[in-house]
file coords.txt (compact mmCIF, C-alpha atoms)
# COMPACT_ATOMS: atom_id res chain seq x y z
CA MET Q 1 105.53 -5.74 -7.34
CA SER Q 2 104.10 -2.35 -8.42
CA THR Q 3 107.56 -1.12 -9.44
CA ALA Q 4 108.11 -4.19 -11.58
CA THR Q 5 104.76 -3.73 -13.21
CA ALA Q 6 105.38 -0.05 -13.86
CA THR Q 7 108.70 -0.79 -15.53
CA SER Q 8 107.66 -3.92 -17.43
CA PRO Q 9 108.60 -4.11 -21.12
CA ARG Q 10 104.96 -3.69 -22.11
CA ALA Q 11 104.62 -0.55 -19.97
CA ARG Q 12 107.87 0.89 -21.28
CA SER Q 13 106.80 0.18 -24.84
CA TRP Q 14 103.45 1.95 -24.33
CA GLN Q 15 105.13 4.95 -22.69
CA GLY Q 16 107.58 5.13 -25.58
CA TRP Q 17 104.81 5.69 -28.10
CA PRO Q 18 104.19 9.26 -29.27
CA VAL Q 19 101.48 10.96 -27.24
CA ALA Q 20 99.21 11.37 -30.26
CA ALA Q 21 99.47 7.65 -31.02
CA ARG Q 22 98.58 6.65 -27.46
CA ILE Q 23 95.62 9.03 -27.50
CA ALA Q 24 94.55 7.66 -30.89
CA VAL Q 25 94.37 4.12 -29.46
CA ILE Q 26 92.32 5.34 -26.49
CA TYR Q 27 90.06 7.48 -28.68
CA VAL Q 28 89.36 4.76 -31.26
CA ALA Q 29 88.61 2.24 -28.51
CA ALA Q 30 86.26 4.74 -26.87
CA ARG Q 31 84.45 5.36 -30.15
CA LEU Q 32 83.97 1.62 -30.65
CA VAL Q 33 82.40 1.40 -27.19
CA THR Q 34 80.13 4.35 -27.99
CA THR Q 35 79.13 2.72 -31.27
CA GLY Q 36 78.25 -0.43 -29.36
CA PHE Q 37 76.10 1.61 -26.97
CA PHE Q 38 74.31 3.20 -29.93
CA LEU Q 39 73.65 -0.20 -31.49
CA ILE Q 40 72.21 -1.58 -28.24
CA ALA Q 41 70.06 1.54 -27.79
CA ALA Q 42 68.80 1.17 -31.37
CA ALA Q 43 67.90 -2.47 -30.75
CA LEU Q 44 65.97 -1.43 -27.62
CA SER Q 45 64.24 1.47 -29.33
CA GLY Q 46 60.51 0.88 -29.51
CA PRO Q 47 57.52 2.42 -31.28
CA GLY Q 48 57.21 5.08 -28.57
CA SER Q 49 60.72 6.37 -29.22
CA ARG Q 50 61.33 9.48 -31.29
CA TYR Q 51 63.38 7.27 -33.63
CA GLY Q 52 60.93 4.39 -33.89
CA VAL Q 53 61.87 0.73 -34.06
CA ASP Q 54 65.49 -0.26 -34.80
CA PRO Q 55 66.85 3.05 -36.15
CA SER Q 56 70.17 3.08 -38.01
CA LEU Q 57 73.36 4.66 -36.70
CA GLY Q 58 72.92 7.35 -39.34
CA GLN Q 59 69.45 8.21 -38.06
CA LEU Q 60 70.74 8.47 -34.50
CA ALA Q 61 73.71 10.61 -35.55
CA LEU Q 62 71.47 13.08 -37.36
CA GLY Q 63 68.72 13.43 -34.78
CA TRP Q 64 67.70 16.30 -32.54
CA ASP Q 65 69.78 19.48 -33.06
CA ALA Q 66 71.71 17.92 -35.94
CA GLN Q 67 68.57 18.50 -37.99
CA TRP Q 68 68.77 22.21 -37.29
CA TYR Q 69 72.43 22.41 -38.32
CA TRP Q 70 71.54 20.56 -41.52
CA PHE Q 71 68.56 22.82 -42.14
CA ALA Q 72 70.72 25.95 -41.72
CA ALA Q 73 73.22 24.56 -44.22
CA VAL Q 74 70.70 23.66 -46.90
CA SER Q 75 68.09 26.41 -46.42
CA GLY Q 76 69.98 29.26 -44.79
CA TYR Q 77 68.51 31.50 -42.11
CA PRO Q 78 64.99 32.94 -42.32
CA SER Q 79 64.59 36.61 -43.17
CA VAL Q 80 61.10 36.48 -41.65
CA LEU Q 81 60.89 34.97 -38.19
CA PRO Q 82 58.34 32.15 -37.91
CA LEU Q 83 55.63 32.70 -35.31
CA THR Q 84 53.60 30.39 -33.11
CA PRO Q 85 49.78 30.51 -33.18
CA HIS Q 86 50.04 32.78 -30.13
CA GLY Q 87 52.25 35.27 -32.00
CA ASP Q 88 55.53 34.38 -30.26
CA VAL Q 89 58.74 33.75 -32.17
CA ALA Q 90 58.95 30.03 -32.94
CA GLU Q 91 62.00 27.78 -32.93
CA ASN Q 92 64.16 28.45 -35.99
CA ALA Q 93 67.67 28.16 -37.40
CA TRP Q 94 68.97 31.45 -35.94
CA ALA Q 95 69.73 29.57 -32.70
CA PHE Q 96 72.42 27.55 -34.51
CA LEU Q 97 75.66 29.26 -35.48
CA PRO Q 98 76.99 28.74 -39.00
CA VAL Q 99 80.60 27.49 -38.94
CA TYR Q 100 79.88 23.83 -38.20
CA SER Q 101 76.81 23.76 -40.46
CA PHE Q 102 78.62 25.06 -43.52
CA LEU Q 103 81.90 23.22 -42.97
CA SER Q 104 79.88 20.01 -42.76
CA ALA Q 105 78.13 20.95 -45.99
CA GLY Q 106 81.47 21.59 -47.68
CA LEU Q 107 82.99 18.29 -46.60
CA GLY Q 108 79.69 16.55 -47.23
CA SER Q 109 79.76 17.65 -50.85
CA VAL Q 110 82.88 15.50 -51.21
CA LEU Q 111 81.73 12.59 -49.02
CA GLY Q 112 78.21 12.42 -50.46
CA SER Q 113 75.98 13.93 -47.78
CA TRP Q 114 75.83 16.64 -45.15
CA GLY Q 115 75.54 13.97 -42.45
CA ALA Q 116 78.75 12.26 -43.51
CA GLY Q 117 80.60 15.56 -43.42
CA ALA Q 118 79.16 16.43 -40.01
CA VAL Q 119 80.07 13.12 -38.38
CA VAL Q 120 83.61 13.14 -39.81
CA ILE Q 121 84.18 16.67 -38.52
CA SER Q 122 82.86 15.67 -35.10
CA LEU Q 123 85.06 12.58 -34.97
CA LEU Q 124 88.23 14.40 -36.03
CA SER Q 125 87.50 17.35 -33.77
CA GLY Q 126 87.02 15.01 -30.82
CA PHE Q 127 90.42 13.45 -31.45
CA GLY Q 128 92.01 16.88 -31.81
CA ALA Q 129 90.36 18.02 -28.59
CA SER Q 130 91.72 14.94 -26.81
CA VAL Q 131 95.27 15.68 -27.95
CA VAL Q 132 95.07 19.34 -26.95
CA LEU Q 133 93.46 18.45 -23.61
CA HIS Q 134 96.48 16.28 -22.83
CA GLY Q 135 98.70 19.27 -23.54
CA LEU Q 136 96.60 21.50 -21.30
CA LEU Q 137 97.00 19.08 -18.38
CA ARG Q 138 100.38 17.40 -18.83
CA ASP Q 139 102.56 20.17 -17.39
CA ARG Q 140 100.22 20.53 -14.40
CA ILE Q 141 99.47 16.95 -13.35
CA GLY Q 142 101.97 14.82 -15.28
CA ASP Q 143 101.75 12.63 -18.35
CA SER Q 144 100.08 9.62 -16.75
CA ALA Q 145 97.32 11.60 -15.03
CA ALA Q 146 96.78 13.68 -18.17
CA LEU Q 147 96.35 10.51 -20.21
CA TRP Q 148 93.81 9.22 -17.70
CA ALA Q 149 91.96 12.53 -17.94
CA VAL Q 150 91.85 12.15 -21.73
CA THR Q 151 90.48 8.63 -21.23
CA PHE Q 152 87.71 9.97 -18.99
CA PHE Q 153 87.00 12.67 -21.57
CA ALA Q 154 86.88 10.24 -24.52
CA CYS Q 155 84.66 7.80 -22.58
CA GLY Q 156 82.64 10.33 -20.60
CA PRO Q 157 78.86 10.54 -20.19
CA LEU Q 158 78.57 12.92 -23.16
CA ALA Q 159 81.15 11.23 -25.39
CA ALA Q 160 78.42 10.36 -27.90
CA LEU Q 161 78.75 13.97 -29.07
CA PHE Q 162 81.98 12.98 -30.81
CA GLN Q 163 80.04 10.97 -33.38
CA VAL Q 164 76.81 12.87 -33.96
CA GLY Q 165 75.99 15.98 -36.00
CA TYR Q 166 76.43 18.47 -33.17
CA ALA Q 167 78.88 21.38 -33.07
CA GLU Q 168 80.13 20.61 -29.54
CA SER Q 169 83.06 18.50 -30.67
CA MET Q 170 84.42 21.20 -32.96
CA PHE Q 171 83.77 23.86 -30.31
CA LEU Q 172 85.78 21.89 -27.75
CA PHE Q 173 88.72 21.50 -30.12
CA LEU Q 174 88.83 25.22 -30.85
CA LEU Q 175 88.27 26.14 -27.20
CA PHE Q 176 91.06 23.87 -25.96
CA LEU Q 177 93.39 25.34 -28.58
CA ALA Q 178 92.50 28.83 -27.34
CA LEU Q 179 93.11 27.87 -23.71
CA ARG Q 180 96.44 26.31 -24.67
CA CYS Q 181 97.42 29.56 -26.40
CA VAL Q 182 96.72 31.43 -23.18
CA GLN Q 183 98.75 28.92 -21.18
CA LEU Q 184 101.69 29.36 -23.56
CA ARG Q 185 101.05 33.12 -23.93
CA ARG Q 186 100.89 32.88 -27.70
CA TRP Q 187 98.44 35.65 -28.37
CA GLY Q 188 98.58 35.91 -32.15
CA TRP Q 189 96.66 32.69 -32.86
CA LEU Q 190 93.82 33.85 -30.63
CA TYR Q 191 92.92 36.62 -33.06
CA VAL Q 192 91.95 33.83 -35.47
CA LEU Q 193 90.53 31.33 -32.99
CA VAL Q 194 88.27 33.70 -31.05
CA PRO Q 195 86.09 34.81 -34.01
CA VAL Q 196 85.80 31.22 -35.29
CA ILE Q 197 84.74 30.01 -31.84
CA GLY Q 198 82.24 32.87 -31.70
CA PHE Q 199 80.49 31.59 -34.82
CA THR Q 200 80.65 27.90 -33.92
CA ARG Q 201 78.67 27.69 -30.67
CA PRO Q 202 77.47 30.17 -28.03
CA GLY Q 203 80.01 30.64 -25.26
CA ILE Q 204 82.61 33.10 -26.53
CA LEU Q 205 81.34 35.70 -24.05
CA ALA Q 206 82.48 33.33 -21.31
CA PHE Q 207 85.91 33.40 -22.93
CA ALA Q 208 85.81 37.20 -22.88
CA LEU Q 209 85.14 37.08 -19.13
CA PHE Q 210 87.97 34.57 -18.73
CA LEU Q 211 90.41 36.88 -20.53
CA GLY Q 212 89.35 39.75 -18.28
CA LEU Q 213 89.82 37.72 -15.10
CA TYR Q 214 93.12 36.37 -16.35
CA GLY Q 215 94.32 39.92 -17.04
CA VAL Q 216 93.36 40.98 -13.52
CA TYR Q 217 95.20 37.96 -12.11
CA ARG Q 218 98.33 38.70 -14.11
CA PHE Q 219 98.23 42.38 -13.12
CA ALA Q 220 97.91 41.49 -9.43
CA ARG Q 221 100.95 39.19 -9.72
CA ARG Q 222 103.05 41.44 -11.93
CA ARG Q 223 105.80 41.76 -9.28
CA VAL Q 224 106.44 38.00 -9.27
CA ASP Q 225 105.39 37.26 -12.86
CA ALA Q 226 106.21 40.03 -15.31
CA PHE Q 227 103.20 41.38 -17.17
CA PRO Q 228 104.61 43.40 -20.08
CA LEU Q 229 102.58 46.18 -21.65
CA ARG Q 230 102.49 44.20 -24.88
CA GLU Q 231 100.67 41.32 -23.16
CA MET Q 232 98.28 43.74 -21.47
CA ALA Q 233 97.44 45.19 -24.88
CA HIS Q 234 96.85 41.72 -26.32
CA LEU Q 235 94.47 40.76 -23.51
CA VAL Q 236 92.51 43.99 -23.85
CA GLY Q 237 92.36 43.62 -27.63
CA LEU Q 238 91.41 39.95 -27.52
CA GLY Q 239 88.77 40.65 -24.88
CA ALA Q 240 87.27 43.25 -27.21
CA VAL Q 241 87.36 40.80 -30.14
CA ALA Q 242 85.61 38.17 -27.99
CA VAL Q 243 82.89 40.61 -26.93
CA VAL Q 244 82.30 41.70 -30.53
CA ALA Q 245 82.20 38.06 -31.66
CA GLY Q 246 79.80 37.27 -28.84
CA PHE Q 247 77.25 39.86 -29.94
CA ALA Q 248 77.87 39.77 -33.70
CA TRP Q 249 75.38 36.98 -34.44
CA GLN Q 250 72.65 38.86 -32.59
CA VAL Q 251 73.36 41.92 -34.73
CA ILE Q 252 73.41 39.87 -37.94
CA ALA Q 253 70.10 38.19 -37.06
CA GLY Q 254 68.60 41.58 -36.30
CA VAL Q 255 69.76 43.11 -39.57
CA VAL Q 256 68.59 40.16 -41.72
CA THR Q 257 65.17 39.87 -40.07
CA GLY Q 258 64.62 43.53 -39.28
CA ASP Q 259 63.95 42.58 -35.66
CA PRO Q 260 66.72 43.44 -33.15
CA ARG Q 261 65.27 40.84 -30.77
CA ALA Q 262 65.50 38.05 -33.34
CA TYR Q 263 68.30 35.99 -31.82
CA LEU Q 264 67.31 36.24 -28.16
CA ALA Q 265 63.63 35.69 -28.99
CA THR Q 266 64.63 32.59 -30.95
CA GLU Q 267 66.67 31.21 -28.05
CA LEU Q 268 63.81 31.90 -25.65
CA ALA Q 269 61.44 29.97 -27.93
CA TRP Q 270 62.92 26.75 -26.57
CA ARG Q 271 62.36 27.94 -22.99
CA ARG Q 272 58.65 28.38 -23.65
CA ASN Q 273 58.44 24.62 -24.20
CA TRP Q 274 59.18 24.30 -20.50
CA ILE Q 275 57.74 27.45 -18.92
CA ALA Q 276 54.26 28.36 -20.15
CA GLY Q 277 53.88 32.06 -20.81
CA ALA Q 278 57.61 32.85 -20.92
CA GLY Q 279 58.01 35.96 -23.03
CA ASP Q 280 60.62 37.22 -25.48
CA GLN Q 281 62.53 39.36 -22.97
CA PHE Q 282 65.85 38.00 -21.74
CA VAL Q 283 66.68 38.65 -18.07
CA PRO Q 284 70.05 37.40 -16.74
CA VAL Q 285 69.86 34.57 -14.16
CA GLU Q 286 66.06 34.39 -14.56
CA GLY Q 287 66.35 31.07 -16.38
CA TRP Q 288 67.94 29.34 -13.39
CA ILE Q 289 65.38 30.75 -10.99
CA GLN Q 290 62.56 29.63 -13.28
CA GLY Q 291 64.24 26.26 -13.77
CA ALA Q 292 64.74 25.71 -10.05
CA GLY Q 293 61.05 26.42 -9.46
CA PHE Q 294 59.99 24.20 -12.37
CA TRP Q 295 62.03 21.14 -11.42
CA PHE Q 296 61.40 21.27 -7.70
CA THR Q 297 57.70 21.70 -8.34
CA GLN Q 298 57.84 18.63 -10.61
CA TRP Q 299 59.43 16.75 -7.71
CA GLY Q 300 56.77 17.96 -5.30
CA LEU Q 301 59.10 20.19 -3.24
CA GLY Q 302 58.01 23.64 -4.39
CA PRO Q 303 59.81 26.66 -5.92
CA VAL Q 304 61.26 27.97 -2.63
CA ALA Q 305 63.18 24.73 -2.13
CA GLY Q 306 64.42 25.09 -5.69
CA VAL Q 307 65.86 28.55 -5.09
CA VAL Q 308 67.51 27.39 -1.83
CA ALA Q 309 69.03 24.43 -3.67
CA LEU Q 310 70.27 26.76 -6.42
CA VAL Q 311 72.05 29.00 -3.88
CA LEU Q 312 73.62 25.97 -2.19
CA LEU Q 313 74.74 24.63 -5.57
CA VAL Q 314 76.44 27.92 -6.46
CA LEU Q 315 78.21 27.99 -3.09
CA ALA Q 316 79.34 24.37 -3.41
CA VAL Q 317 80.74 24.83 -6.93
CA THR Q 318 82.53 28.02 -5.84
CA ALA Q 319 84.11 26.18 -2.92
CA VAL Q 320 85.35 23.39 -5.19
CA LEU Q 321 86.95 25.81 -7.65
CA LEU Q 322 88.55 27.88 -4.89
CA PHE Q 323 89.67 25.30 -2.38
CA SER Q 324 89.89 21.81 -3.92
CA PRO Q 325 93.61 20.87 -4.07
CA GLN Q 326 92.98 18.64 -7.09
CA VAL Q 327 91.39 21.52 -9.02
CA LYS Q 328 94.14 23.91 -7.92
CA ARG Q 329 96.71 21.62 -9.54
CA LEU Q 330 95.15 22.23 -12.95
CA GLY Q 331 96.51 25.77 -13.04
CA ILE Q 332 94.99 29.22 -12.91
CA GLU Q 333 93.99 29.29 -16.58
CA LEU Q 334 91.73 26.24 -16.38
CA ARG Q 335 90.29 27.31 -13.03
CA LEU Q 336 89.45 30.79 -14.32
CA TRP Q 337 87.96 29.35 -17.50
CA SER Q 338 85.77 26.97 -15.48
CA ALA Q 339 84.59 29.80 -13.23
CA SER Q 340 83.92 32.09 -16.20
CA TYR Q 341 81.93 29.49 -18.08
CA LEU Q 342 79.84 28.64 -15.03
CA VAL Q 343 79.06 32.34 -14.51
CA TYR Q 344 78.06 32.54 -18.18
CA LEU Q 345 75.72 29.54 -17.80
CA LEU Q 346 74.23 31.04 -14.65
CA LEU Q 347 73.49 34.26 -16.51
CA VAL Q 348 72.00 32.89 -19.73
CA PHE Q 349 70.85 29.28 -19.43
CA PHE Q 350 67.59 27.65 -18.44
CA PRO Q 351 68.43 24.30 -16.75
CA GLN Q 352 66.75 21.40 -18.52
CA SER Q 353 67.86 18.07 -19.95
CA SER Q 354 70.47 19.72 -22.19
CA ILE Q 355 72.35 20.93 -19.11
CA PHE Q 356 74.58 17.84 -19.28
CA ARG Q 357 75.63 18.76 -22.81
CA LEU Q 358 76.11 22.41 -21.85
CA LEU Q 359 78.60 21.38 -19.15
CA VAL Q 360 80.96 19.68 -21.62
CA PRO Q 361 83.17 22.81 -22.02
CA LEU Q 362 84.19 22.16 -18.39
CA SER Q 363 85.95 18.97 -19.54
CA PRO Q 364 89.43 20.14 -18.41
CA LEU Q 365 88.14 19.43 -14.89
CA TRP Q 366 88.47 15.72 -15.69
CA GLY Q 367 92.09 16.37 -14.78
CA ALA Q 368 91.11 16.85 -11.14
CA LEU Q 369 89.57 13.36 -11.08
CA ALA Q 370 92.72 11.92 -12.66
CA VAL Q 371 95.09 13.39 -10.04
CA PRO Q 372 94.71 10.68 -7.34
CA PRO Q 373 97.32 8.05 -8.32
CA SER Q 374 95.24 5.08 -7.18
CA ARG Q 375 94.56 2.77 -10.10
CA ALA Q 376 91.40 1.52 -8.39
CA TRP Q 377 90.13 5.11 -8.15
CA ARG Q 378 90.88 5.82 -11.80
CA ILE Q 379 89.24 2.63 -13.00
CA GLY Q 380 86.24 3.42 -10.82
CA VAL Q 381 85.93 6.88 -12.42
CA LEU Q 382 86.20 5.30 -15.88
CA VAL Q 383 83.47 2.77 -15.11
CA ALA Q 384 81.23 5.54 -13.75
CA ALA Q 385 81.87 7.59 -16.90
CA LEU Q 386 80.92 4.69 -19.16
CA LEU Q 387 77.79 3.94 -17.15
CA GLY Q 388 76.84 7.60 -17.43
CA GLN Q 389 77.42 7.46 -21.17
CA TRP Q 390 75.13 4.43 -21.55
CA TRP Q 391 72.45 6.09 -19.42
CA TRP Q 392 72.59 9.21 -21.59
CA ILE Q 393 72.53 7.36 -24.92
CA TYR Q 394 69.74 5.02 -23.84
CA ASN Q 395 67.53 7.83 -22.55
CA MET Q 396 68.20 10.42 -25.24
CA TYR Q 397 68.39 8.10 -28.24
CA GLY Q 398 66.96 4.71 -27.28
CA LEU Q 399 63.92 6.23 -25.55
CA GLY Q 400 63.62 9.95 -26.27
CA ASN Q 401 59.92 9.84 -25.50
CA THR Q 402 59.40 12.31 -22.69
CA PHE Q 403 60.13 15.95 -21.92
CA TRP Q 404 63.45 15.44 -20.11
CA GLN Q 405 64.93 13.00 -22.67
CA ILE Q 406 66.26 15.69 -25.02
CA PRO Q 407 70.05 15.87 -25.57

call {"tool": "encode", "arguments": {"input": "coords.txt", "output": "structure tokens"}}
result
Amino acid sequence: MSTATATSPRARSWQGWPVAARIAVIYVAARLVTTGFFLIAAALSGPGSRYGVDPSLGQLALGWDAQWYWFAAVSGYPSVLPLTPHGDVAENAWAFLPVYSFLSAGLGSVLGSWGAGAVVISLLSGFGASVVLHGLLRDRIGDSAALWAVTFFACGPLAALFQVGYAESMFLFLLFLALRCVQLRRWGWLYVLVPVIGFTRPGILAFALFLGLYGVYRFARRRVDAFPLREMAHLVGLGAVAVVAGFAWQVIAGVVTGDPRAYLATELAWRRNWIAGAGDQFVPVEGWIQGAGFWFTQWGLGPVAGVVALVLLVLAVTAVLLFSPQVKRLGIELRLWSASYLVYLLLVFFPQSSIFRLLVPLSPLWGALAVPPSRAWRIGVLVAALLGQWWWIYNMYGLGNTFWQIP
């Protein structure tokens, strides 16, 4: 019965379509579902919501951080840092990198508004990211599993990002292209991609760490997988480019404002909304320790329990990346990227409601959930992803009325 189904004319016809066409059907269907979720959330939005009663799709698409990207595009970046009444650096546009803002403004000048340009770029970037993700996974887990992984990605809990004015969608497209270049060992394109990624969203320093770890891996295996001097030189050079790109915005902010702490102080301004008295000095890993104490105190368990939970979480994630057979099948490049990005988050991030959005660059790990060939399993994962997406949209856009409902 299963063999007949797998080889039915309808199945053969679908499999005969070009990959990009099959992904387009999945992606468009997913965007229609997301639009439906947005419409339901808007209908349920009440006077206590950040958006008020019955907001439009346009209002939802341009809420939260989209306003900052728009503000950077139309007003530029401040030469004088705004201060709070207590004399601390206040939230400002320096926290939002310029590529997405200004590309949206350029396209928006043709389409009629910055918002239109931003949403179109997000939509197209999401489709591009879906196509490249399939390429990243296909040779490792097969075409069918890779297509399921793309389905999970397009319908995932954070899939609303593909149709709002956030830079994540564009960042994912560029990141997946860069990872694909590493897989194929096509180094030349990375000299273009790495700087653009570095000015699109924070995270290029994680890519620098990934390149370093990948170089160490290739060097250790040079007897079974040739590692020519030319490739060594490319990895060293690209790692240097990624490091420079990672710190360049901090330098630019410091030069424009005259304050070398401008960028980090701006980023930490958001943390002070959660931790009273947090200063302007960045200390690696401190954010997670503070966050663990904050959340576990909120839950009545105390800061010590939070730190213990944090250690256990790090150990559990490490075990999954090292020993899970499903993750191993994704290939060394995607495993090293995932590890590098998680280390980066551990060093720089303060865990709050945006943590879900910050985990989206780990999307290649959807491939691990697509590996089991059971159709019931895959449908179950898809249903869970869609339920997670509704939960996120409803809380962050339909409600948005308390401290943890911030996308």

call {"tool": "atom_distance", "arguments": {"input": "coords.txt", "atom1": "atom CA of Q:Gly115", "atom2": "atom CA of Q:Arg31"}}
result
17.5 Å

call {"tool": "residues_around", "arguments": {"input": "coords.txt", "residues": "stretch 135-143 of chain Q", "least_positions_apart": "2", "cutoff": "10 Å", "atoms": "all atoms listed in the file", "output": "number ranges by chain"}}
result
Q: 15, 19, 129-133, 145-150, 176-177, 179-181, 183-184, 326, 328-331, 333-334, 364-368, 370-372

call {"tool": "atom_distance", "arguments": {"input": "coords.txt", "atom1": "atom CA of Q:Leu97", "atom2": "atom CA of Q:Tyr341"}}
result
18.5 Å

call {"tool": "residues_around", "arguments": {"input": "coords.txt", "residues": "stretch 57-69 of chain Q", "least_positions_apart": "4", "cutoff": "10 Å", "atoms": "all atoms listed in the file", "output": "number ranges by chain"}}
result
Q: 35, 38-39, 41-42, 50-51, 73-74, 76, 91-102, 104-105, 114-116, 118-119, 160-167, 393, 396-398, 400, 406-407

call {"tool": "axis_aligned_box", "arguments": {"input": "coords.txt", "around": "stretch 254-271 of chain Q", "padding_each_side": "6 Å", "output": "JSON"}}
result
{"center_x": 65.6, "center_y": 35.1, "center_z": -32.4, "size_x": 20.3, "size_y": 28.8, "size_z": 30.7}

call {"tool": "residues_around", "arguments": {"input": "coords.txt", "residues": "Q:Ala269", "least_positions_apart": "2", "cutoff": "12 Å", "atoms": "all atoms listed in the file", "output": "number ranges by chain"}}
result
Q: 81-84, 86-95, 261-267, 271-282, 350

call {"tool": "atom_distance", "arguments": {"input": "coords.txt", "atom1": "atom CA of Q:Ile26", "atom2": "atom CA of Q:Trp14"}}
result
11.8 Å

call {"tool": "closest_residue", "arguments": {"input": "coords.txt", "among": "Q:Gly380, Q:Gly306, Q:Gly106, Q:Pro373", "to": "Q:Pro351", "atoms": "only C-alpha atoms"}}
result
Q:Gly306

call {"tool": "closest_residue", "arguments": {"input": "coords.txt", "among": "Q:Val381, Q:Ala242, Q:Val255, Q:Leu172", "to": "Q:Leu124", "atoms": "all atoms listed in the file"}}
result
Q:Leu172

call {"tool": "closest_residue", "arguments": {"input": "coords.txt", "among": "Q:Leu44, Q:Ile204, Q:Ala29, Q:Ala384", "to": "Q:Leu238", "atoms": "all atoms listed in the file"}}
result
Q:Ile204

call {"tool": "closest_residue", "arguments": {"input": "coords.txt", "among": "Q:Leu193, Q:Ala43, Q:Val110, Q:Ile355", "to": "Q:Gln405", "atoms": "only C-alpha atoms"}}
result
Q:Ile355

call {"tool": "closest_residue", "arguments": {"input": "coords.txt", "among": "Q:Pro228, Q:Pro361, Q:Gly36, Q:Gly293", "to": "Q:Phe173", "atoms": "only C-alpha atoms"}}
result
Q:Pro361

call {"tool": "residues_around", "arguments": {"input": "coords.txt", "residues": "stretch 218-221 of chain Q", "least_positions_apart": "5", "cutoff": "12 Å", "atoms": "only C-alpha atoms", "output": "list in words"}}
result
Val182, Arg185, Leu211, Gly212, Leu213, Ala226, Phe227, Pro228, Leu229, Glu231, Met232, Leu235, Ile332, Glu333 and Leu336 of chain Q
